[in-house]
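S.K.: The structure's right below; bear with me while I get my questions together.
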Amino acid sequence: MRVQCFAIRSFGKHRVQDICAITQQVPGVLDEQSGFITLVRGNTTPVASVFVPQTVFVTPKALEYPDTPRMLEAFRRAGSVILRGSPRLQRGLTAAARYARAKTVVVLTVDEKPFFRNCRPSADYELNLVRGCPGMCEYCYLQTAMGSSPYIRISVNVEDILEKAGEICRQKSGAVTFEGSSVSDPVPVERYTKAISRAISFFAKIPNGYLRVVTKFTDVGNFFGLDHRRKTRMRYSLEAQEFHQEFERGVPSLEERLEAARTLAEDGYPIGFVIAPVFLERGLEPYERLLTMIKEAFASGLPEDTTLEFVTHRFTERAKSLILARRPGSRLPMREDDRLFKMGRFGYGKYVYPAEKLAHAKTSMTELVERILPGVRIEYFV
Ligand code: SF4
């Protein structure tokens with residue numbers, strides 16, 4: 001259910017002032033189920049979506065870190081309920097209810113042994129400051145990665161993790177890239193954590209270190225005005241409009257994402273677009289329209305070094321059964337007979353498009369990009 005911002009007053013005595021602090025007097029609309037407040041300009045134009053978790057758990061270890069009180073205060077002021085200990089959900093929830101409820105829960109924790117997995121093709125290494133995402137996209141790769149209760153886990157020891165990333169850079173002679181969104185969309189919680197902002201400032205000063213962030217969210221105000229030195233590439237994840245309407249939930253519209261990408265480009269960030277997942281069942285026309293939409297959003301042209309990444313749809317057996325348990329009747333194309341079974345690098349198999357179909361799509365998509373967005377570099381098509 002959606003209610004006007006003033007109705008938030010009924011949530012508790014601190015709430016009015018806190019929401020005003022978040023929205024800075026901009027009117028907002030609260031989606032009670034997802035915990036998102038959409039800030040609106042005038043009466044209808046959305047300008048950003050602000051995520052307010054229902055509950056924030058903080059582990060005893062996390063309380064030992066100096067940043068934790070600041071984060072807790074930010075969550076408290078936004079209206080989240082703060083609890084000590086490990087997260088727990090009520091018993092007896094269906095898979096769908098459990099999934100939806102967990103997406104409104106944040107856990108402040110400590111990553112005691114930061115580990116930087118290989119992150120090809122998007123970067124050299126993962127940089128995991130946050131795990132999870134409040135979005136509810138049906139096709140999401142996190143459906144399996146986050147288990148049955150996909151809480152949003154925030155590591156409060158950001159400095160330790162960045163220091164380790166810096167060590168990796170010092171050991172290498174060439175450029176080293178880190179992906180800040182490989183197991184998360186870290187942007188919805190950035191206003192509370194400031195973790196990506198710190199990583200942006202950190203990599204600005206590491207000669208051979210580069211950060212890459214990809215998001216679907218538009219609450220990007222924290223990134224403006226940072227001394228990023230163009231060392232961080234901000235990418236927006238986009239889907240063709242018809243698949244966005246069918247499969248993406250709890251995320252901003254394509255128009256809002258393109259507007260946010262434009263403002264980040266104006267702030268000097270190198271930008272890019274990750275088109276994912278690419279569904280090939282209806283040909284490439286939906287993506288031709290999406291590329292045109294990108295072009296039209298940048299009336300005076302895209303910045304010179306804009307990039308594109310394409311990831312075609314794939315699924316595992318486990319993902320299919322989890323998706324269908326959480327969203328019975330999902331119309332995601334997941335017929336094994338239409339796909340090729342391929343062993344992945346993590347030791348489990350996935351269903352991908354057959355090689356010939358994939359090669360043909362890659363050639364056709366490249367031609368579309370050259371025609372509609374000339375000069376934009378395709379980094380990979382997988
Ligand atoms: S926004 Fe990205 S990470 Fe979040 S649910 Fe959607 S696909 Fe998954």
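In the structure tokens, chains take letters A, B, ... by order of appearance, with residues numbered from 1 within each chain and ligands from 1 in the order shown.
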Would you please extract all helix (DSSP H, G or I) residues from range 119-188 of chain A, as assigned by DSSP on the backbone, and give them as a list of chain:residue names?

M.R.: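 After running DSSP on the backbone, range 119-188 of chain A has helix (DSSP H, G or I) at A:Leu142, A:Gln143, A:Thr144, A:Ala145, A:Val158, A:Glu159, A:Asp160, A:Ile161, A:Leu162, A:Glu163, A:Lys164, A:Ala165, A:Gly166, A:Glu167, A:Ile168, A:Cys169, A:Arg170, A:Gln171, A:Val187, A:Pro188.
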
S.K.: As number ranges by chain, please: every protein or nucleic acid residue near ligand 1 (cut-off 7 Å, counting only C-alpha atoms and all ligand atoms).

M.R.: A: 132-137, 139-142, 184-185, 215-216, 248, 251

S.K.: Selected residues, C-alpha atoms, written as a CSV table (one decimal), in the first residue's frame, please.

M.R.:
```csv
chain,number,residue,atom,x,y,z
A,132,GLY,CA,22.3,-8.3,-0.3
A,133,CYS,CA,19.8,-5.9,-1.7
A,134,PRO,CA,16.3,-4.7,-0.7
A,135,GLY,CA,15.1,-5.1,-4.4
A,136,MET,CA,12.9,-8.0,-5.4
A,137,CYS,CA,13.8,-8.7,-9.0
A,139,TYR,CA,15.7,-13.1,-11.9
A,140,CYS,CA,18.2,-11.8,-9.3
A,141,TYR,CA,21.4,-13.7,-9.0
A,142,LEU,CA,21.2,-13.2,-5.3
A,184,SER,CA,24.9,-6.6,-3.4
A,185,ASP,CA,23.4,-3.4,-4.5
A,215,THR,CA,23.2,-0.2,-9.2
A,216,LYS,CA,19.5,0.1,-10.0
A,248,GLU,CA,11.7,-6.2,-11.6
A,251,VAL,CA,13.4,-0.8,-7.9
```

S.K.: Leaving out range 344-361 of chain A and any residue of its chain fewer than 3 positions from it, which residues lie within 8 Å of it when counting only C-alpha atoms, given as a PyMOL selection string?

M.R.: chain A and resi 280+284+312-317+336+338-341+364-365

S.K.: Do you know which residues are at most 8 Å from Thr177 in chain A counting only C-alpha atoms, after dropping those on the same chain fewer than 4 positions away, and could you put them as number ranges by chain?

M.R.: A: 123-125, 209-212

S.K.: Write a file of the just-selected residues containing N, CA and C atoms, as a short mmCIF file (atom, residue, chain, number, x, y, z; two decimals), in the first residue's frame.

M.R.:
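Final output, out_5.cif:
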```
data_model
loop_
_atom_site.label_atom_id
_atom_site.label_comp_id
_atom_site.auth_asym_id
_atom_site.auth_seq_id
_atom_site.Cartn_x
_atom_site.Cartn_y
_atom_site.Cartn_z
N ALA A 123 35.39 -7.22 -13.26
CA ALA A 123 36.54 -6.60 -12.58
C ALA A 123 37.54 -7.69 -12.20
N ASP A 124 38.67 -7.27 -11.63
CA ASP A 124 39.64 -8.28 -11.18
C ASP A 124 39.17 -8.95 -9.89
N TYR A 125 38.65 -8.14 -8.96
CA TYR A 125 38.28 -8.70 -7.65
C TYR A 125 36.93 -8.15 -7.17
N GLY A 209 44.63 1.53 -8.47
CA GLY A 209 43.38 0.91 -7.99
C GLY A 209 42.16 1.61 -8.57
N TYR A 210 41.20 0.82 -9.02
CA TYR A 210 39.96 1.36 -9.62
C TYR A 210 38.76 0.66 -9.02
N LEU A 211 37.70 1.44 -8.85
CA LEU A 211 36.46 0.87 -8.30
C LEU A 211 35.38 0.90 -9.37
N ARG A 212 34.52 -0.11 -9.35
CA ARG A 212 33.36 -0.14 -10.24
C ARG A 212 32.13 -0.44 -9.38
#
```

S.K.: Among the residues of range 234-307 of chain A, find those DSSP assigns to strand (DSSP E or B) from the backbone and print them as a list in words.

M.R.: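 Matching residues for strand (DSSP E or B) in range 234-307 of chain A are Met234, Arg235, Tyr236, Ser237, Leu238, Ile271, Gly272, Phe273, Val274, Ile275, Ala276, Pro277, Val278 and Thr307 of chain A.
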
S.K.: Take the residues from that selection and put them in a file with N, CA and C atoms, as a PDB file, in the first residue's frame.

M.R.:
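Everything below was put into part_34.pdb:
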```pdb
ATOM      1  N   MET A 234      30.674   4.507 -12.345  1.00  0.00           N
ATOM      2  CA  MET A 234      29.325   4.272 -11.858  1.00  0.00           C
ATOM      3  C   MET A 234      28.484   3.750 -13.024  1.00  0.00           C
ATOM      4  N   ARG A 235      27.937   2.547 -12.838  1.00  0.00           N
ATOM      5  CA  ARG A 235      27.126   1.978 -13.941  1.00  0.00           C
ATOM      6  C   ARG A 235      25.689   1.780 -13.461  1.00  0.00           C
ATOM      7  N   TYR A 236      24.778   1.961 -14.387  1.00  0.00           N
ATOM      8  CA  TYR A 236      23.377   1.667 -14.066  1.00  0.00           C
ATOM      9  C   TYR A 236      22.972   0.363 -14.725  1.00  0.00           C
ATOM     10  N   SER A 237      22.321  -0.463 -13.948  1.00  0.00           N
ATOM     11  CA  SER A 237      21.809  -1.727 -14.453  1.00  0.00           C
ATOM     12  C   SER A 237      20.424  -1.458 -15.047  1.00  0.00           C
ATOM     13  N   LEU A 238      20.268  -1.840 -16.303  1.00  0.00           N
ATOM     14  CA  LEU A 238      19.015  -1.580 -17.016  1.00  0.00           C
ATOM     15  C   LEU A 238      18.472  -2.857 -17.640  1.00  0.00           C
ATOM     16  N   ILE A 271      30.802   6.786 -16.595  1.00  0.00           N
ATOM     17  CA  ILE A 271      29.571   6.022 -16.392  1.00  0.00           C
ATOM     18  C   ILE A 271      29.479   4.846 -17.362  1.00  0.00           C
ATOM     19  N   GLY A 272      28.541   3.967 -17.102  1.00  0.00           N
ATOM     20  CA  GLY A 272      28.304   2.832 -17.990  1.00  0.00           C
ATOM     21  C   GLY A 272      26.927   2.264 -17.714  1.00  0.00           C
ATOM     22  N   PHE A 273      26.543   1.296 -18.544  1.00  0.00           N
ATOM     23  CA  PHE A 273      25.258   0.619 -18.365  1.00  0.00           C
ATOM     24  C   PHE A 273      25.471  -0.878 -18.457  1.00  0.00           C
ATOM     25  N   VAL A 274      24.898  -1.570 -17.500  1.00  0.00           N
ATOM     26  CA  VAL A 274      24.946  -3.038 -17.530  1.00  0.00           C
ATOM     27  C   VAL A 274      23.557  -3.496 -17.959  1.00  0.00           C
ATOM     28  N   ILE A 275      23.454  -4.083 -19.119  1.00  0.00           N
ATOM     29  CA  ILE A 275      22.158  -4.541 -19.619  1.00  0.00           C
ATOM     30  C   ILE A 275      22.039  -6.004 -19.211  1.00  0.00           C
ATOM     31  N   ALA A 276      21.198  -6.268 -18.227  1.00  0.00           N
ATOM     32  CA  ALA A 276      21.164  -7.617 -17.674  1.00  0.00           C
ATOM     33  C   ALA A 276      19.860  -7.861 -16.923  1.00  0.00           C
ATOM     34  N   PRO A 277      19.368  -9.107 -16.968  1.00  0.00           N
ATOM     35  CA  PRO A 277      19.813 -10.123 -17.931  1.00  0.00           C
ATOM     36  C   PRO A 277      19.173  -9.866 -19.292  1.00  0.00           C
ATOM     37  N   VAL A 278      19.896 -10.243 -20.351  1.00  0.00           N
ATOM     38  CA  VAL A 278      19.348 -10.125 -21.702  1.00  0.00           C
ATOM     39  C   VAL A 278      18.555 -11.396 -21.985  1.00  0.00           C
ATOM     40  N   THR A 307      30.533   3.050 -21.194  1.00  0.00           N
ATOM     41  CA  THR A 307      30.687   1.621 -21.506  1.00  0.00           C
ATOM     42  C   THR A 307      29.350   0.893 -21.412  1.00  0.00           C
TER      43      THR A 307
END
```
